[in-house]
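K.L.:
Provided below: target_12.cif, containing mmCIF, C-alpha atoms.
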data_target
#
loop_
_atom_site.group_PDB
_atom_site.id
_atom_site.type_symbol
_atom_site.label_atom_id
_atom_site.label_comp_id
_atom_site.auth_asym_id
_atom_site.auth_seq_id
_atom_site.Cartn_x
_atom_site.Cartn_y
_atom_site.Cartn_z
ATOM 1 C CA MET A 133 156.416 81.181 90.207
ATOM 2 C CA GLN A 134 156.604 79.353 93.547
ATOM 3 C CA GLN A 135 153.763 79.870 95.976
ATOM 4 C CA GLU A 136 154.766 81.171 99.415
ATOM 5 C CA PRO A 137 153.566 79.359 102.551
ATOM 6 C CA ARG A 138 150.534 80.970 104.216
ATOM 7 C CA ILE A 139 150.966 81.690 107.918
ATOM 8 C CA ILE A 140 147.836 81.739 110.090
ATOM 9 C CA LEU A 141 147.914 83.149 113.625
ATOM 10 C CA GLY A 142 145.470 81.665 116.124
ATOM 11 C CA ILE A 143 144.669 83.377 119.413
ATOM 12 C CA ASP A 144 143.016 82.040 122.568
ATOM 13 C CA PRO A 145 142.375 85.327 124.388
ATOM 14 C CA GLY A 146 142.498 85.502 128.150
ATOM 15 C CA THR A 147 142.993 87.995 130.940
ATOM 16 C CA LEU A 148 145.439 85.803 132.886
ATOM 17 C CA VAL A 149 146.956 83.736 130.049
ATOM 18 C CA MET A 150 146.751 84.404 126.300
ATOM 19 C CA GLY A 151 147.523 81.433 124.091
ATOM 20 C CA TYR A 152 148.932 81.879 120.587
ATOM 21 C CA GLY A 153 149.748 79.454 117.809
ATOM 22 C CA LEU A 154 151.007 79.856 114.263
ATOM 23 C CA ILE A 155 150.711 77.314 111.480
ATOM 24 C CA SER A 156 152.207 77.305 108.001
ATOM 25 C CA VAL A 157 150.142 76.073 105.056
ATOM 26 C CA HIS A 158 151.937 75.274 101.792
ATOM 27 C CA LYS A 159 149.913 73.404 99.188
ATOM 28 C CA SER A 160 148.682 70.324 101.097
ATOM 29 C CA ASN A 161 151.315 70.527 103.851
ATOM 30 C CA ILE A 162 150.407 72.055 107.215
ATOM 31 C CA SER A 163 153.041 72.490 109.901
ATOM 32 C CA LEU A 164 153.425 74.139 113.286
ATOM 33 C CA VAL A 165 155.522 77.311 113.263
ATOM 34 C CA GLU A 166 155.306 78.353 116.908
ATOM 35 C CA MET A 167 153.034 78.114 119.917
ATOM 36 C CA GLY A 168 153.162 79.571 123.381
ATOM 37 C CA VAL A 169 151.463 81.672 126.003
ATOM 38 C CA LEU A 170 151.668 85.215 127.270
ATOM 39 C CA GLN A 171 151.505 85.173 131.079
ATOM 40 C CA LEU A 172 149.444 88.094 132.382
ATOM 41 C CA ALA A 173 148.526 86.988 135.914
ATOM 42 C CA ARG A 174 151.488 88.765 137.542
ATOM 43 C CA ARG A 175 150.180 92.139 136.374
ATOM 44 C CA GLN A 176 147.518 93.561 138.670
ATOM 45 C CA ASP A 177 146.491 96.460 136.446
ATOM 46 C CA HIS A 178 144.026 95.360 133.751
ATOM 47 C CA ALA A 179 145.081 98.188 131.406
ATOM 48 C CA GLU A 180 148.681 96.984 131.621
ATOM 49 C CA ARG A 181 147.557 93.462 130.687
ATOM 50 C CA LEU A 182 145.752 94.841 127.639
ATOM 51 C CA GLU A 183 148.889 96.725 126.589
ATOM 52 C CA LEU A 184 150.951 93.522 126.882
ATOM 53 C CA ILE A 185 148.408 91.666 124.695
ATOM 54 C CA PHE A 186 148.638 94.407 122.068
ATOM 55 C CA ARG A 187 152.453 94.389 122.121
ATOM 56 C CA LYS A 188 152.630 90.572 121.864
ATOM 57 C CA MET A 189 150.218 90.607 118.922
ATOM 58 C CA GLU A 190 152.324 93.270 117.191
ATOM 59 C CA SER A 191 155.493 91.259 117.809
ATOM 60 C CA LEU A 192 154.007 88.015 116.425
ATOM 61 C CA ILE A 193 152.566 89.759 113.359
ATOM 62 C CA LYS A 194 155.830 91.567 112.550
ATOM 63 C CA MET A 195 157.943 88.441 113.062
ATOM 64 C CA HIS A 196 155.822 85.893 111.184
ATOM 65 C CA VAL A 197 153.764 88.065 108.760
ATOM 66 C CA PRO A 198 150.553 86.013 108.904
ATOM 67 C CA VAL A 199 147.935 86.323 106.164
ATOM 68 C CA ALA A 200 145.086 85.779 108.620
ATOM 69 C CA VAL A 201 144.270 85.986 112.321
ATOM 70 C CA ALA A 202 141.705 83.696 113.955
ATOM 71 C CA ILE A 203 140.414 84.225 117.487
ATOM 72 C CA GLU A 204 138.413 81.969 119.755
ATOM 73 C CA ALA A 205 135.169 83.692 120.691
ATOM 74 C CA PRO A 206 134.569 83.748 124.440
ATOM 75 C CA PHE A 207 131.878 81.449 125.769
ATOM 76 C CA PHE A 208 129.273 83.094 127.932
ATOM 77 C CA GLY A 209 129.782 82.677 131.665
ATOM 78 C CA LYS A 210 127.901 83.817 134.716
ATOM 79 C CA ASN A 211 130.501 86.324 135.936
ATOM 80 C CA VAL A 212 129.781 89.604 134.123
ATOM 81 C CA GLN A 213 133.074 91.240 135.188
ATOM 82 C CA SER A 214 135.110 88.321 133.830
ATOM 83 C CA MET A 215 133.220 88.427 130.534
ATOM 84 C CA LEU A 216 133.797 92.172 130.255
ATOM 85 C CA LYS A 217 137.555 91.766 130.817
ATOM 86 C CA LEU A 218 137.740 88.858 128.381
ATOM 87 C CA GLY A 219 135.880 90.897 125.766
ATOM 88 C CA ARG A 220 138.399 93.718 126.188
ATOM 89 C CA ALA A 221 141.309 91.287 125.751
ATOM 90 C CA GLN A 222 139.718 89.941 122.582
ATOM 91 C CA GLY A 223 139.061 93.473 121.305
ATOM 92 C CA VAL A 224 142.700 94.477 121.817
ATOM 93 C CA ALA A 225 143.878 91.404 119.870
ATOM 94 C CA ILE A 226 141.459 92.233 117.031
ATOM 95 C CA ALA A 227 142.594 95.885 117.021
ATOM 96 C CA ALA A 228 146.248 94.834 116.768
ATOM 97 C CA ALA A 229 145.425 92.613 113.783
ATOM 98 C CA MET A 230 143.470 95.408 112.087
ATOM 99 C CA MET A 231 146.361 97.843 112.636
ATOM 100 C CA HIS A 232 148.369 95.581 110.324
ATOM 101 C CA GLY A 233 145.630 95.241 107.717
ATOM 102 C CA LEU A 234 144.575 91.772 108.835
ATOM 103 C CA GLN A 235 141.005 90.658 109.293
ATOM 104 C CA ALA A 236 140.400 88.765 112.533
ATOM 105 C CA THR A 237 137.853 85.963 112.266
ATOM 106 C CA GLU A 238 136.088 84.611 115.354
ATOM 107 C CA TYR A 239 135.184 80.965 115.914
ATOM 108 C CA SER A 240 133.172 79.472 118.755
ATOM 109 C CA PRO A 241 134.837 76.759 120.864
ATOM 110 C CA ARG A 242 132.350 74.213 119.481
ATOM 111 C CA LYS A 243 133.129 75.189 115.865
ATOM 112 C CA ILE A 244 136.864 74.836 116.520
ATOM 113 C CA LYS A 245 136.474 71.356 118.013
ATOM 114 C CA GLN A 246 134.168 70.320 115.178
ATOM 115 C CA SER A 247 136.636 71.499 112.517
ATOM 116 C CA VAL A 248 139.672 69.862 114.087
ATOM 117 C CA THR A 249 138.218 66.570 115.360
ATOM 118 C CA GLY A 250 134.837 66.202 113.678
ATOM 119 C CA ARG A 251 133.095 66.409 117.067
ATOM 120 C CA GLY A 252 131.857 69.635 118.638
ATOM 121 C CA ASN A 253 131.989 68.130 122.126
ATOM 122 C CA ALA A 254 135.548 66.753 121.905
ATOM 123 C CA THR A 255 137.781 67.129 124.956
ATOM 124 C CA LYS A 256 140.906 69.299 124.982
ATOM 125 C CA GLU A 257 142.977 66.105 125.013
ATOM 126 C CA GLN A 258 141.224 64.788 121.888
ATOM 127 C CA VAL A 259 141.798 68.118 120.132
ATOM 128 C CA TRP A 260 145.478 67.976 121.090
ATOM 129 C CA GLU A 261 145.784 64.385 119.828
ATOM 130 C CA MET A 262 144.345 65.369 116.443
ATOM 131 C CA LEU A 263 146.675 68.388 116.274
ATOM 132 C CA GLN A 264 149.662 66.096 116.842
ATOM 133 C CA HIS A 265 148.519 63.811 114.011
ATOM 134 C CA THR A 266 147.744 66.647 111.607
ATOM 135 C CA LEU A 267 150.781 68.832 112.287
ATOM 136 C CA LYS A 268 153.212 65.912 112.697
ATOM 137 C CA PHE A 269 154.931 66.658 115.999
ATOM 138 C CA ASP A 270 155.266 64.905 119.348
ATOM 139 C CA GLU A 271 156.128 67.463 122.016
ATOM 140 C CA ASP A 272 153.604 68.058 124.757
ATOM 141 C CA PRO A 273 152.490 71.599 125.517
ATOM 142 C CA ARG A 274 153.028 73.278 128.875
ATOM 143 C CA PHE A 275 149.699 75.074 128.607
ATOM 144 C CA MET A 276 146.460 74.037 126.923
ATOM 145 C CA ASP A 277 145.895 77.710 126.063
ATOM 146 C CA ALA A 278 148.680 77.345 123.467
ATOM 147 C CA THR A 279 147.140 74.210 121.940
ATOM 148 C CA ASP A 280 143.733 75.875 121.884
ATOM 149 C CA ALA A 281 145.274 78.716 119.855
ATOM 150 C CA VAL A 282 146.836 76.255 117.385
ATOM 151 C CA ALA A 283 143.413 74.618 117.019
ATOM 152 C CA VAL A 284 141.879 78.040 116.236
ATOM 153 C CA ALA A 285 144.452 78.594 113.463
ATOM 154 C CA LEU A 286 143.819 75.120 112.015
ATOM 155 C CA CYS A 287 140.058 75.679 112.204
ATOM 156 C CA HIS A 288 140.480 78.880 110.182
ATOM 157 C CA HIS A 289 142.469 77.014 107.526
ATOM 158 C CA TYR A 290 139.779 74.330 107.224
ATOM 159 C CA GLN A 291 136.950 76.884 107.172
ATOM 160 C CA SER A 292 138.646 79.031 104.507
ATOM 161 C CA ARG A 293 138.769 75.965 102.226
ATOM 162 C CA VAL A 294 135.028 75.328 102.546
ATOM 163 C CA PRO A 295 133.040 76.944 99.712
ATOM 164 C CA LYS A 296 130.356 79.273 101.018
ATOM 165 C CA ALA A 297 126.831 78.017 100.332
ATOM 166 C CA ASP A 298 124.370 80.384 98.695
ATOM 167 C CA ALA A 299 122.115 82.245 101.110
ATOM 168 C CA GLY A 300 119.066 80.204 101.971
ATOM 169 C CA VAL A 301 120.534 76.942 100.672
ATOM 170 C CA LYS A 302 121.162 74.341 103.340
ATOM 171 C CA VAL A 303 123.411 71.390 102.679
ATOM 172 C CA LYS A 304 122.253 68.286 104.460
ATOM 173 C CA ILE A 305 124.749 65.525 105.106
ATOM 174 C CA PRO A 306 123.166 62.087 104.879
ATOM 175 C CA ALA A 307 123.268 60.122 108.133
ATOM 176 C CA SER A 308 125.437 57.502 106.421
ATOM 177 C CA LYS A 309 128.091 60.183 105.706
ATOM 178 C CA LYS A 310 128.360 61.542 109.262
ATOM 179 C CA ALA A 311 131.381 60.495 111.288
ATOM 180 C CA SER A 312 130.105 58.359 114.153
ATOM 181 C CA SER A 313 133.532 57.525 115.597
ATOM 182 C CA TRP A 314 137.194 58.513 115.446
ATOM 183 C CA GLU A 315 137.814 55.732 112.932
ATOM 184 C CA ALA A 316 134.994 56.952 110.686
ATOM 185 C CA PHE A 317 136.178 60.561 110.909
ATOM 186 C CA ILE A 318 139.756 59.578 110.001
ATOM 187 C CA ALA A 319 138.502 57.437 107.112
ATOM 188 C CA MET A 320 136.479 60.396 105.776
ATOM 189 C CA ASN A 321 139.352 62.892 106.309
ATOM 190 C CA PRO A 322 142.625 61.158 105.396
ATOM 191 C CA ASP A 323 144.299 64.509 104.633
ATOM 192 C CA ARG A 324 144.063 65.451 108.329
ATOM 193 C CA VAL A 325 146.069 62.453 109.553
ATOM 194 C CA SER A 326 149.818 61.933 109.281
ATOM 195 C CA LYS A 327 151.352 58.499 108.965
ATOM 196 C CA LYS A 328 154.287 57.990 111.324
ATOM 197 C CA GLY A 329 157.009 55.822 109.881
#
Using structure tokens, write down the structure from this file.

P.N.:
Amino acid sequence: MQQEPRIILGIDPGTLVMGYGLISVHKSNISLVEMGVLQLARRQDHAERLELIFRKMESLIKMHVPVAVAIEAPFFGKNVQSMLKLGRAQGVAIAAAMMHGLQATEYSPRKIKQSVTGRGNATKEQVWEMLQHTLKFDEDPRFMDATDAVAVALCHHYQSRVPKADAGVKVKIPASKKASSWEAFIAMNPDRVSKKG
């Protein structure tokens, strides 16, 4: 019996722009299915923006039938109103996933960067470069929100492969095993890099 590809939907929630990205995982092959953004800035009414987020989530889930949804957790800012609106946008995306029986998993921006590049303080450009290598495509995105969403989906794939450590047991990586540069990270993670012919 042939195993079906697993589709993972990544979401970068926002009140002005929502990024989304879908990847397909089949055995050891990972490929990009679709990425894009939902433009919300033209809508003045916040409730209308939330409805559009919900409808877009429903559309993506029905079209691609993902097995998992991963969402970037908002970082804490100084503007309370912005954080409140962002939290609502994230909540609507999670609710849409749950309506279709999907669990939505949150990842911090630092965790996403760490999973994709090996460095929690990587720039958006470095994340994008690693995505291009891993997912084997060349086109440049119009919006970084879309690439952020693809990175969230890829992070979820990597994290779901990691066995969970027993409670109270900490795994310490020897200093000699830590990636100190891009070259070291690539050498330690050859499955994340594609060779262009």

K.L.:
Can you tell me how far atom CA of A:Glu136 sits from atom CA of A:Ile193, in Å to one decimal?

P.N.:
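Going from atom CA of A:Glu136 over to atom CA of A:Ile193 covers 16.5 Å.
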
K.L.:
In Å to one decimal, how far is atom CA of A:Leu148 from atom CA of A:Gln213?

P.N.:
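Atom CA of A:Leu148 lies at a distance of 13.7 Å from atom CA of A:Gln213.
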
K.L.:
Pick out the closest residue to A:Leu192 from this set: A:Gly219, A:Gln235, A:Leu141, A:Phe207. Count all atoms listed in the file.

P.N.:
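Among A:Gly219, A:Gln235, A:Leu141, A:Phe207, it is A:Leu141 that comes nearest to A:Leu192.
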
K.L.:
Report as a PyMOL selection string the full result of the PyMOL selection byres ((chain A and resi 147) around 12) when it is applied to this structure.

P.N.:
chain A and resi 144-146+148-151+169-185+206+213-225+277

K.L.:
Residues picked by the PyMOL selection byres ((chain A and resi 157-159) around 8) here, as a PyMOL selection string?

P.N.:
chain A and resi 135-140+155-156+160-163

K.L.:
Restricted to N, CA and C atoms, what does stretch 176-197 of chain A look like when written out as an mmCIF file, in the first residue's frame?

P.N.:
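Wrote it out as part-v1.cif, contents follow:
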data_model
loop_
_atom_site.group_PDB
_atom_site.id
_atom_site.type_symbol
_atom_site.label_atom_id
_atom_site.label_comp_id
_atom_site.auth_asym_id
_atom_site.auth_seq_id
_atom_site.Cartn_x
_atom_site.Cartn_y
_atom_site.Cartn_z
ATOM 1 N N GLN A 176 -11.459 48.098 6.482
ATOM 2 C CA GLN A 176 -11.359 48.918 7.685
ATOM 3 C C GLN A 176 -11.920 48.212 8.912
ATOM 4 N N ASP A 177 -12.963 47.424 8.720
ATOM 5 C CA ASP A 177 -13.632 46.770 9.835
ATOM 6 C C ASP A 177 -12.851 45.526 10.273
ATOM 7 N N HIS A 178 -12.441 45.503 11.546
ATOM 8 C CA HIS A 178 -11.636 44.387 12.045
ATOM 9 C C HIS A 178 -12.412 43.067 11.997
ATOM 10 N N ALA A 179 -13.713 43.110 12.277
ATOM 11 C CA ALA A 179 -14.522 41.888 12.232
ATOM 12 C C ALA A 179 -14.562 41.313 10.817
ATOM 13 N N GLU A 180 -14.582 42.178 9.829
ATOM 14 C CA GLU A 180 -14.586 41.722 8.434
ATOM 15 C C GLU A 180 -13.248 41.053 8.087
ATOM 16 N N ARG A 181 -12.169 41.599 8.623
ATOM 17 C CA ARG A 181 -10.846 40.984 8.404
ATOM 18 C C ARG A 181 -10.802 39.578 9.000
ATOM 19 N N LEU A 182 -11.363 39.443 10.204
ATOM 20 C CA LEU A 182 -11.385 38.130 10.858
ATOM 21 C C LEU A 182 -12.204 37.129 10.046
ATOM 22 N N GLU A 183 -13.315 37.586 9.485
ATOM 23 C CA GLU A 183 -14.138 36.704 8.649
ATOM 24 C C GLU A 183 -13.363 36.250 7.414
ATOM 25 N N LEU A 184 -12.611 37.176 6.799
ATOM 26 C CA LEU A 184 -11.816 36.824 5.618
ATOM 27 C C LEU A 184 -10.732 35.800 5.968
ATOM 28 N N ILE A 185 -10.109 35.947 7.145
ATOM 29 C CA ILE A 185 -9.110 34.968 7.598
ATOM 30 C C ILE A 185 -9.753 33.594 7.727
ATOM 31 N N PHE A 186 -10.926 33.549 8.365
ATOM 32 C CA PHE A 186 -11.625 32.282 8.558
ATOM 33 C C PHE A 186 -11.959 31.641 7.211
ATOM 34 N N ARG A 187 -12.486 32.440 6.285
ATOM 35 C CA ARG A 187 -12.870 31.911 4.970
ATOM 36 C C ARG A 187 -11.654 31.410 4.185
ATOM 37 N N LYS A 188 -10.532 32.136 4.261
ATOM 38 C CA LYS A 188 -9.318 31.705 3.556
ATOM 39 C C LYS A 188 -8.800 30.401 4.147
ATOM 40 N N MET A 189 -8.820 30.293 5.467
ATOM 41 C CA MET A 189 -8.395 29.049 6.119
ATOM 42 C C MET A 189 -9.267 27.889 5.653
ATOM 43 N N GLU A 190 -10.575 28.093 5.657
ATOM 44 C CA GLU A 190 -11.506 27.046 5.205
ATOM 45 C C GLU A 190 -11.207 26.638 3.772
ATOM 46 N N SER A 191 -10.974 27.614 2.909
ATOM 47 C CA SER A 191 -10.690 27.345 1.502
ATOM 48 C C SER A 191 -9.408 26.515 1.338
ATOM 49 N N LEU A 192 -8.342 26.914 2.038
ATOM 50 C CA LEU A 192 -7.067 26.194 1.948
ATOM 51 C C LEU A 192 -7.194 24.769 2.480
ATOM 52 N N ILE A 193 -7.915 24.598 3.584
ATOM 53 C CA ILE A 193 -8.069 23.277 4.184
ATOM 54 C C ILE A 193 -8.896 22.368 3.270
ATOM 55 N N LYS A 194 -9.970 22.885 2.705
ATOM 56 C CA LYS A 194 -10.806 22.076 1.809
ATOM 57 C C LYS A 194 -10.065 21.715 0.519
ATOM 58 N N MET A 195 -9.284 22.642 -0.005
ATOM 59 C CA MET A 195 -8.585 22.406 -1.266
ATOM 60 C C MET A 195 -7.420 21.433 -1.124
ATOM 61 N N HIS A 196 -6.624 21.590 -0.066
ATOM 62 C CA HIS A 196 -5.382 20.823 0.057
ATOM 63 C C HIS A 196 -5.431 19.685 1.079
ATOM 64 N N VAL A 197 -6.429 19.649 1.927
ATOM 65 C CA VAL A 197 -6.618 18.604 2.950
ATOM 66 C C VAL A 197 -5.327 18.349 3.741
#
